[in-house]
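File shown: model10.txt (compact mmCIF, C-alpha atoms).
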```txt
# COMPACT_ATOMS: atom_id res chain seq x y z
CA MET A 79 -58.81 -137.85 113.36
CA ILE A 80 -62.12 -138.26 115.21
CA ARG A 81 -61.90 -142.02 114.90
CA THR A 82 -58.32 -141.98 116.17
CA PHE A 83 -59.30 -139.84 119.17
CA ALA A 84 -62.28 -142.07 119.91
CA GLY A 85 -60.07 -145.11 119.67
CA ALA A 86 -57.60 -143.58 122.12
CA LEU A 87 -60.40 -142.85 124.57
CA ALA A 88 -61.60 -146.42 124.28
CA ALA A 89 -58.08 -147.72 124.93
CA LEU A 90 -57.73 -145.48 127.99
CA ALA A 91 -61.07 -146.67 129.32
CA LEU A 92 -60.03 -150.27 128.79
CA SER A 93 -56.67 -149.80 130.52
CA ALA A 94 -58.37 -148.05 133.44
CA GLY A 95 -60.77 -150.96 133.74
CA VAL A 96 -57.87 -153.37 133.89
CA ALA A 97 -56.09 -151.28 136.49
CA THR A 98 -59.12 -151.14 138.76
CA ALA A 99 -60.34 -154.71 138.17
CA GLU A 100 -60.99 -156.83 141.22
CA PHE A 101 -58.51 -159.64 141.77
CA PRO A 102 -58.95 -162.40 140.79
CA GLU A 103 -60.76 -162.00 137.48
CA ARG A 104 -59.82 -165.43 136.14
CA GLU A 105 -58.48 -168.79 137.20
CA LEU A 106 -55.20 -169.03 139.07
CA LEU A 107 -52.30 -171.46 138.80
CA GLY A 108 -50.92 -173.19 141.89
CA VAL A 109 -47.55 -174.77 141.09
CA VAL A 110 -46.70 -177.73 143.33
CA MET A 111 -43.01 -178.17 144.04
CA TRP A 112 -43.09 -181.97 144.14
CA GLY A 113 -44.79 -184.75 142.20
CA ALA A 114 -48.32 -186.07 142.51
CA GLY A 115 -49.03 -188.11 145.63
CA GLY A 116 -46.18 -186.68 147.72
CA ALA A 117 -46.59 -184.81 150.99
CA THR A 118 -46.49 -181.32 149.43
CA ASP A 119 -48.95 -182.34 146.72
CA THR A 120 -51.30 -183.84 149.32
CA VAL A 121 -51.28 -180.65 151.39
CA ALA A 122 -51.77 -178.47 148.28
CA ARG A 123 -54.71 -180.47 146.95
CA ALA A 124 -56.29 -180.59 150.41
CA ILE A 125 -56.37 -176.82 150.84
CA ASN A 126 -57.06 -175.98 147.19
CA PRO A 127 -60.88 -176.39 147.25
CA ALA A 128 -61.26 -174.13 150.28
CA ALA A 129 -58.94 -171.53 148.71
CA GLU A 130 -61.00 -171.65 145.49
CA ALA A 131 -64.15 -171.03 147.50
CA ALA A 132 -62.56 -168.10 149.34
CA LEU A 133 -61.26 -166.50 146.12
CA GLY A 134 -64.34 -167.28 144.04
CA LYS A 135 -62.24 -168.56 141.12
CA PRO A 136 -60.79 -171.97 140.19
CA ILE A 137 -57.15 -172.79 140.95
CA VAL A 138 -55.47 -175.13 138.48
CA VAL A 139 -52.91 -177.30 140.26
CA LEU A 140 -49.74 -178.01 138.28
CA ASN A 141 -47.09 -180.46 139.52
CA LYS A 142 -43.67 -179.25 138.41
CA SER A 143 -41.05 -181.30 140.20
CA GLY A 144 -37.31 -181.47 139.66
CA GLY A 145 -34.11 -180.07 141.13
CA ALA A 146 -35.36 -180.52 144.72
CA GLY A 147 -37.93 -177.80 144.05
CA ALA A 148 -35.63 -175.52 142.05
CA ILE A 149 -37.54 -175.96 138.78
CA SER A 150 -40.92 -174.96 140.21
CA THR A 151 -39.38 -172.07 142.16
CA ALA A 152 -37.73 -170.70 139.01
CA TYR A 153 -40.97 -171.20 137.06
CA VAL A 154 -43.01 -169.08 139.48
CA ASN A 155 -40.22 -166.52 139.72
CA ALA A 156 -40.28 -166.13 135.92
CA ALA A 157 -44.06 -165.62 135.81
CA PRO A 158 -45.63 -162.14 136.00
CA GLY A 159 -45.86 -160.78 139.53
CA ASP A 160 -49.62 -160.45 139.39
CA GLY A 161 -50.65 -163.13 141.89
CA TYR A 162 -52.19 -165.41 139.28
CA THR A 163 -49.27 -167.84 139.50
CA PHE A 164 -48.16 -168.93 142.95
CA LEU A 165 -46.10 -171.68 144.50
CA TYR A 166 -47.32 -174.52 146.70
CA GLY A 167 -43.91 -175.05 148.24
CA ALA A 168 -42.05 -176.90 150.96
CA GLU A 169 -38.89 -176.04 152.86
CA ASN A 170 -36.38 -177.02 150.18
CA PRO A 171 -35.70 -173.60 148.56
CA GLN A 172 -34.40 -172.29 151.89
CA LEU A 173 -31.50 -174.71 151.47
CA HIS A 174 -30.86 -174.30 147.74
CA PRO A 175 -28.08 -171.69 148.16
CA VAL A 176 -26.23 -173.64 150.85
CA MET A 177 -26.58 -176.89 148.89
CA GLY A 178 -25.37 -175.25 145.67
CA VAL A 179 -28.68 -175.99 143.92
CA GLY A 180 -29.48 -172.40 142.98
CA LYS A 181 -29.54 -168.81 144.20
CA LEU A 182 -33.30 -168.47 144.70
CA ASP A 183 -34.71 -168.95 148.17
CA TYR A 184 -37.83 -167.63 149.88
CA SER A 185 -36.28 -164.20 150.37
CA ASN A 186 -37.25 -163.71 146.70
CA PHE A 187 -40.92 -164.44 147.48
CA TYR A 188 -43.71 -163.24 149.73
CA PRO A 189 -45.11 -165.85 152.16
CA VAL A 190 -48.87 -165.80 151.61
CA ASN A 191 -49.21 -168.52 154.23
CA ILE A 192 -46.99 -170.98 156.07
CA LEU A 193 -49.75 -173.55 156.46
CA GLY A 194 -48.09 -175.97 158.84
CA ARG A 195 -45.00 -177.98 159.58
CA GLY A 196 -44.06 -181.54 160.26
CA VAL A 197 -42.71 -182.64 163.61
CA ALA A 198 -39.71 -184.88 164.16
CA VAL A 199 -39.72 -187.56 166.84
CA VAL A 200 -37.02 -189.68 168.43
CA VAL A 201 -38.20 -193.28 168.34
CA VAL A 202 -37.01 -196.66 169.60
CA PRO A 203 -38.40 -200.19 169.21
CA GLU A 204 -41.12 -200.99 171.73
CA GLY A 205 -38.80 -203.47 173.46
CA SER A 206 -35.94 -201.00 173.82
CA LYS A 207 -34.20 -200.59 177.16
CA TYR A 208 -34.64 -196.83 176.76
CA LYS A 209 -37.91 -195.80 178.38
CA THR A 210 -37.27 -192.05 178.26
CA PHE A 211 -35.28 -189.64 176.13
CA GLY A 212 -33.25 -188.79 179.23
CA GLU A 213 -32.17 -192.43 179.57
CA LEU A 214 -31.05 -192.47 175.92
CA MET A 215 -29.04 -189.29 176.36
CA ASP A 216 -27.45 -190.58 179.58
CA ASP A 217 -26.32 -193.78 177.82
CA ILE A 218 -24.89 -191.82 174.88
CA LYS A 219 -22.95 -189.62 177.31
CA ALA A 220 -21.67 -192.61 179.30
CA ASN A 221 -20.77 -194.67 176.22
CA PRO A 222 -19.60 -192.31 173.47
CA GLY A 223 -19.39 -193.87 170.03
CA SER A 224 -21.37 -196.97 171.01
CA VAL A 225 -25.06 -196.20 170.54
CA LYS A 226 -26.27 -196.68 166.94
CA MET A 227 -28.56 -194.13 165.30
CA GLY A 228 -30.55 -194.65 162.10
CA SER A 229 -29.88 -191.92 159.53
CA THR A 230 -30.53 -191.02 155.89
CA GLY A 231 -27.17 -189.36 155.28
CA PRO A 232 -25.98 -185.74 155.48
CA GLY A 233 -28.75 -183.23 154.97
CA GLY A 234 -31.56 -185.59 155.86
CA LEU A 235 -33.93 -185.10 158.76
CA PRO A 236 -32.11 -187.49 161.15
CA SER A 237 -28.72 -185.82 160.60
CA THR A 238 -30.23 -182.36 161.05
CA VAL A 239 -31.91 -183.37 164.31
CA SER A 240 -28.64 -184.98 165.38
CA ALA A 241 -26.80 -181.70 164.75
CA LEU A 242 -29.37 -179.73 166.75
CA ILE A 243 -29.08 -182.13 169.68
CA SER A 244 -25.28 -182.11 169.55
CA ASN A 245 -25.32 -178.32 169.93
CA SER A 246 -27.04 -178.81 173.28
CA ALA A 247 -25.48 -181.96 174.79
CA PRO A 248 -22.82 -184.65 174.23
CA PHE A 249 -24.06 -186.70 171.29
CA ASP A 250 -21.33 -189.02 170.03
CA VAL A 251 -23.29 -191.76 168.24
CA ILE A 252 -22.69 -194.11 165.32
CA ALA A 253 -24.86 -192.92 162.42
CA ILE A 254 -25.91 -195.79 160.15
CA PRO A 255 -27.28 -194.46 156.82
CA PHE A 256 -30.33 -195.94 155.10
CA ASP A 257 -32.13 -195.08 151.88
CA GLY A 258 -34.95 -193.10 153.46
CA GLU A 259 -36.78 -192.93 156.76
CA GLY A 260 -38.96 -195.96 155.97
CA PRO A 261 -36.04 -198.37 155.44
CA GLY A 262 -34.27 -196.88 158.46
CA LEU A 263 -37.25 -197.43 160.74
CA THR A 264 -37.66 -200.99 159.44
CA ALA A 265 -33.98 -201.63 160.15
CA MET A 266 -34.43 -200.24 163.65
CA LEU A 267 -37.28 -202.64 164.33
CA GLY A 268 -34.95 -205.40 163.13
CA GLY A 269 -32.33 -204.43 165.69
CA GLU A 270 -29.80 -202.88 163.30
CA VAL A 271 -29.84 -199.53 165.13
CA ASP A 272 -30.86 -198.47 168.63
CA PHE A 273 -32.92 -195.40 167.83
CA MET A 274 -33.78 -192.99 165.04
CA PRO A 275 -34.96 -189.39 164.66
CA SER A 276 -37.81 -189.45 162.15
CA GLY A 277 -40.65 -187.39 160.82
CA LEU A 278 -43.80 -188.16 162.79
CA SER A 279 -45.69 -188.87 159.57
CA ALA A 280 -43.24 -191.68 158.74
CA ALA A 281 -43.38 -193.23 162.20
CA ALA A 282 -47.00 -192.63 163.19
CA GLU A 283 -48.49 -195.95 162.05
CA GLN A 284 -45.79 -198.02 163.76
CA ILE A 285 -46.25 -196.00 166.95
CA LYS A 286 -50.02 -196.54 166.81
CA ALA A 287 -49.47 -200.26 166.21
CA GLY A 288 -47.31 -200.48 169.31
CA LYS A 289 -44.19 -201.58 167.42
CA MET A 290 -42.14 -198.52 168.35
CA ARG A 291 -42.19 -195.90 171.06
CA ALA A 292 -41.66 -192.15 170.76
CA LEU A 293 -39.29 -190.90 173.44
CA ALA A 294 -39.62 -187.20 172.58
CA VAL A 295 -40.99 -184.81 169.99
CA VAL A 296 -38.44 -182.39 168.54
CA ASN A 297 -40.51 -179.38 169.48
CA ASP A 298 -40.69 -176.76 172.18
CA ALA A 299 -43.93 -178.24 173.52
CA PRO A 300 -45.81 -181.56 173.36
CA VAL A 301 -48.08 -182.06 170.34
CA ASP A 302 -51.71 -183.15 170.35
CA THR A 303 -51.06 -186.01 167.93
CA LEU A 304 -48.76 -187.73 170.47
CA PRO A 305 -50.40 -187.27 173.87
CA GLY A 306 -48.10 -188.05 176.76
CA VAL A 307 -44.89 -187.76 174.74
CA PRO A 308 -42.67 -184.99 176.16
CA ALA A 309 -40.98 -182.26 174.17
CA VAL A 310 -37.24 -182.68 173.67
CA THR A 311 -36.72 -179.43 175.59
CA GLU A 312 -37.78 -181.14 178.82
CA THR A 313 -34.48 -183.00 178.74
CA LEU A 314 -32.48 -180.47 176.70
CA PRO A 315 -33.71 -176.93 177.50
CA GLY A 316 -30.90 -175.52 175.36
CA MET A 317 -32.59 -176.78 172.21
CA ALA A 318 -35.37 -174.23 172.61
CA SER A 319 -33.30 -171.62 170.74
CA TYR A 320 -33.43 -173.81 167.59
CA LEU A 321 -37.16 -174.52 167.72
CA PRO A 322 -39.77 -174.67 166.29
CA TRP A 323 -38.25 -176.68 163.45
CA GLY A 324 -39.46 -179.20 160.93
CA PRO A 325 -40.38 -179.67 157.27
CA PHE A 326 -43.02 -177.10 156.32
CA TYR A 327 -45.62 -176.35 153.66
CA GLY A 328 -46.64 -172.96 152.36
CA VAL A 329 -48.01 -170.69 149.64
CA PHE A 330 -45.71 -168.12 148.02
CA VAL A 331 -45.96 -165.38 145.38
CA LYS A 332 -43.32 -163.17 143.83
CA LYS A 333 -42.20 -160.40 146.13
CA ASP A 334 -43.18 -157.65 143.66
CA THR A 335 -46.83 -158.77 143.59
CA PRO A 336 -49.10 -155.74 144.30
CA ASP A 337 -49.97 -155.30 147.97
CA ASP A 338 -53.73 -155.48 147.40
CA VAL A 339 -53.33 -158.80 145.58
CA LYS A 340 -51.14 -160.14 148.37
CA ALA A 341 -53.78 -159.09 150.89
CA LYS A 342 -56.53 -160.96 149.05
CA LEU A 343 -54.43 -164.11 148.78
CA VAL A 344 -53.48 -163.87 152.46
CA ALA A 345 -57.12 -163.54 153.51
CA ALA A 346 -58.24 -166.39 151.25
CA PHE A 347 -55.62 -168.87 152.42
CA ALA A 348 -56.04 -167.88 156.07
CA THR A 349 -59.72 -168.76 155.71
CA ALA A 350 -58.94 -171.95 153.78
CA ALA A 351 -56.50 -173.11 156.45
CA GLU A 352 -59.30 -172.95 159.02
CA SER A 353 -61.46 -175.43 157.11
CA ALA A 354 -62.26 -178.57 159.09
CA GLU A 355 -61.27 -180.88 156.24
CA PHE A 356 -57.82 -179.34 155.90
CA GLN A 357 -57.15 -179.27 159.62
CA THR A 358 -58.18 -182.93 159.92
CA LEU A 359 -55.80 -183.93 157.12
CA MET A 360 -52.92 -182.04 158.72
CA ALA A 361 -53.56 -183.63 162.10
CA ASN A 362 -53.84 -187.11 160.61
CA ARG A 363 -50.45 -186.64 158.94
CA GLY A 364 -48.84 -185.54 162.19
CA ASN A 365 -48.42 -181.92 161.13
CA VAL A 366 -48.70 -178.87 163.36
CA MET A 367 -50.93 -176.08 162.03
CA MET A 368 -49.26 -172.67 161.71
CA ASN A 369 -51.44 -170.51 159.40
CA ILE A 370 -49.11 -167.50 159.50
CA SER A 371 -48.22 -164.93 156.84
CA GLY A 372 -46.30 -161.74 156.20
CA GLU A 373 -43.74 -160.60 158.78
CA GLU A 374 -44.46 -163.47 161.17
CA ALA A 375 -43.90 -165.99 158.38
CA GLU A 376 -40.74 -164.23 157.21
CA THR A 377 -39.31 -164.39 160.73
CA PHE A 378 -40.00 -168.12 160.84
CA LEU A 379 -38.38 -168.63 157.42
CA VAL A 380 -35.23 -166.73 158.36
CA LYS A 381 -34.78 -168.64 161.60
CA TRP A 382 -35.49 -171.98 159.91
CA GLN A 383 -32.85 -171.24 157.28
CA GLN A 384 -30.25 -170.24 159.88
CA VAL A 385 -30.82 -173.31 162.05
CA THR A 386 -30.88 -175.81 159.19
CA ALA A 387 -28.09 -174.32 157.08
CA TRP A 388 -25.68 -174.31 160.02
CA ALA A 389 -26.77 -177.80 161.06
CA LEU A 390 -25.83 -178.94 157.56
CA GLN A 391 -22.53 -177.09 157.78
CA ASP A 392 -21.73 -178.71 161.13
CA THR A 393 -22.51 -182.21 159.84
CA GLY A 394 -20.63 -181.85 156.55
CA GLY A 395 -23.75 -181.70 154.42
CA ALA A 396 -23.41 -178.10 153.18
CA LYS A 397 -21.86 -177.46 149.77
CA VAL A 398 -21.52 -173.71 150.38
CA SER A 399 -20.70 -172.14 153.74
CA PRO A 400 -23.70 -170.33 155.23
CA GLU A 401 -21.32 -167.62 156.38
CA SER A 402 -20.30 -166.87 152.78
CA LEU A 403 -23.99 -166.49 151.92
CA GLY A 404 -24.58 -164.02 154.72
CA ILE A 405 -26.57 -166.50 156.82
CA PRO A 406 -25.61 -165.89 160.46
CA ARG A 407 -25.21 -168.74 162.91
CA PRO A 408 -28.31 -168.96 165.11
```
For this file, write the structure as structure tokens.
Amino acid sequence: MIRTFAGALAALALSAGVATAEFPERELLGVVMWGAGGATDTVARAINPAAEAALGKPIVVLNKSGGAGAISTAYVNAAPGDGYTFLYGAENPQLHPVMGVGKLDYSNFYPVNILGRGVAVVVVPEGSKYKTFGELMDDIKANPGSVKMGSTGPGGLPSTVSALISNSAPFDVIAIPFDGEGPGLTAMLGGEVDFMPSGLSAAAEQIKAGKMRALAVVNDAPVDTLPGVPAVTETLPGMASYLPWGPFYGVFVKKDTPDDVKAKLVAAFATAAESAEFQTLMANRGNVMMNISGEEAETFLVKWQQVTAWALQDTGGAKVSPESLGIPRP
């Protein structure tokens, strides 16, 4: 009986120690949504060392691609909500319900940090007759159905930008689909299309080389990485209600993770995002730093989902109506 009582006391002491232990006690697992070498993986591995230093424990990085991010999202969602397994994710889960991929989106998770986002640009060949975004829009208005736009098909960045523009001004263009932004930009330089909306990271080298010109950044303000290039809102003020917009990168844990654990992760990644090495990488890739968490990040995620889901619906890319999912039109 004495031994049993002593054993019970020992068990209680052990459980109390676990309950009051400082997080993290051991290594963590950061699950990357996409494969090695991709944009999300690059961002994750760039911030990982600074996050390890801030947390004082190693973070094992695991690439778990598949299902446009659905496999990694489900994997983290199935893990214990203790903060030791988190997601290095991109924007894709916000579209999984509307694309019929799955039911999980970021409303099931807590945004530890939205690290940054990519910026779209509207580009033309250097020799193009369009010197400004206003001139391009004027020609599209005067000659509906004549100006050719490079695209990557419904749901891609060019078609989403096209939908956002068309909600603010006449935008009757011929969309020519290509297998990715790279092939589309190459085709544009070859004269197959007149212009193309593209991620800045895909177009940056050609812009620097003087082979193409950025007419506008799809943002509510100019960006430091493209000095002198105006924001699209200078020509189309009505687009401001849909911005900021762009592919994004973030860190997410299960929503039921304890608040004190969330707070430690938030503090660690906020510090990591301020590291000079990470900020340099983001700038070199044409990304805009955000470094936001909690309610501010959730507001961004909700607006991003509304804007993009309805852009997909309007361009025929949605498999499920956003309205049926309770996603209001922005």
So, with only C-alpha atoms as the atoms that count, which of A:Gly134, A:Ala341, A:Gly159, A:Gly178 lies closest to A:Ala146?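 So, comparing all the options, the nearest one is A:Gly178.
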To one decimal place in Å, what is the distance between atom CA of A:Gly196 and atom CA of A:Leu278? 7.1 Å
Could you list, as a PDB file with C-alpha atoms, keeping the file's coordinate frame, every residue within 10 Å of A:Ser246, counting only C-alpha atoms and ignoring same-chain residues fewer than 6 positions away?
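Okay, result.pdb is ready:
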```pdb
ATOM      1  CA  THR A 311     -36.720-179.430 175.590  1.00  0.00           C
ATOM      2  CA  LEU A 314     -32.480-180.470 176.700  1.00  0.00           C
ATOM      3  CA  PRO A 315     -33.710-176.930 177.500  1.00  0.00           C
ATOM      4  CA  GLY A 316     -30.900-175.520 175.360  1.00  0.00           C
ATOM      5  CA  MET A 317     -32.590-176.780 172.210  1.00  0.00           C
ATOM      6  CA  ALA A 318     -35.370-174.230 172.610  1.00  0.00           C
ATOM      7  CA  SER A 319     -33.300-171.620 170.740  1.00  0.00           C
ATOM      8  CA  TYR A 320     -33.430-173.810 167.590  1.00  0.00           C
TER       9      TYR A 320
END
```
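For the choices A:Pro203, A:Gly306, A:Gly288, A:Gly324, the atom-to-atom distance to A:Met266 is smallest for A:Pro203 when using all atoms listed in the file.
Nearest residue to A:Ala156, choosing from A:Lys332, A:Gly268, A:Lys226, A:Leu106 and counting all atoms listed in the file: A:Lys332.
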Quick one: residues within 10 Å of stretch 375-390 of chain A, only C-alpha atoms, excluding same-chain residues fewer than 3 positions away - as a VMD selection string? chain A and resid 169 to 177 183 to 185 187 to 193 232 to 235 237 to 245 319 to 326 328 368 to 372 393 to 401 404 to 408
Hey, can you check how far atom CA of A:Lys207 sits from atom CA of A:Glu270?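 Those two atoms sit 14.7 Å apart.
Rounded to one decimal, atom CA of A:Gly260 and atom CA of A:Gly116 lie 14.4 Å from each other.
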From A:Lys340, A:Ala198, A:Gln357, A:Gly231, residue lying nearest A:Pro255 [all atoms listed in the file]: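 The answer is A:Gly231, which sits nearest to A:Pro255.
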So which one's closest to A:Tyr153, A:Val138, A:Lys289, A:Gly108, A:Ala131? Using only C-alpha atoms, please. A:Gly108
For stretch 271-274 of chain A, please output as a list in words all residues within 7 Å (counting all atoms listed in the file; exclusion window: fewer than 6 positions along the same chain). Val200, Val201, Val202, Val225, Lys226, Met227, Gly228, Ser229, Pro236 and Ala265 of chain A
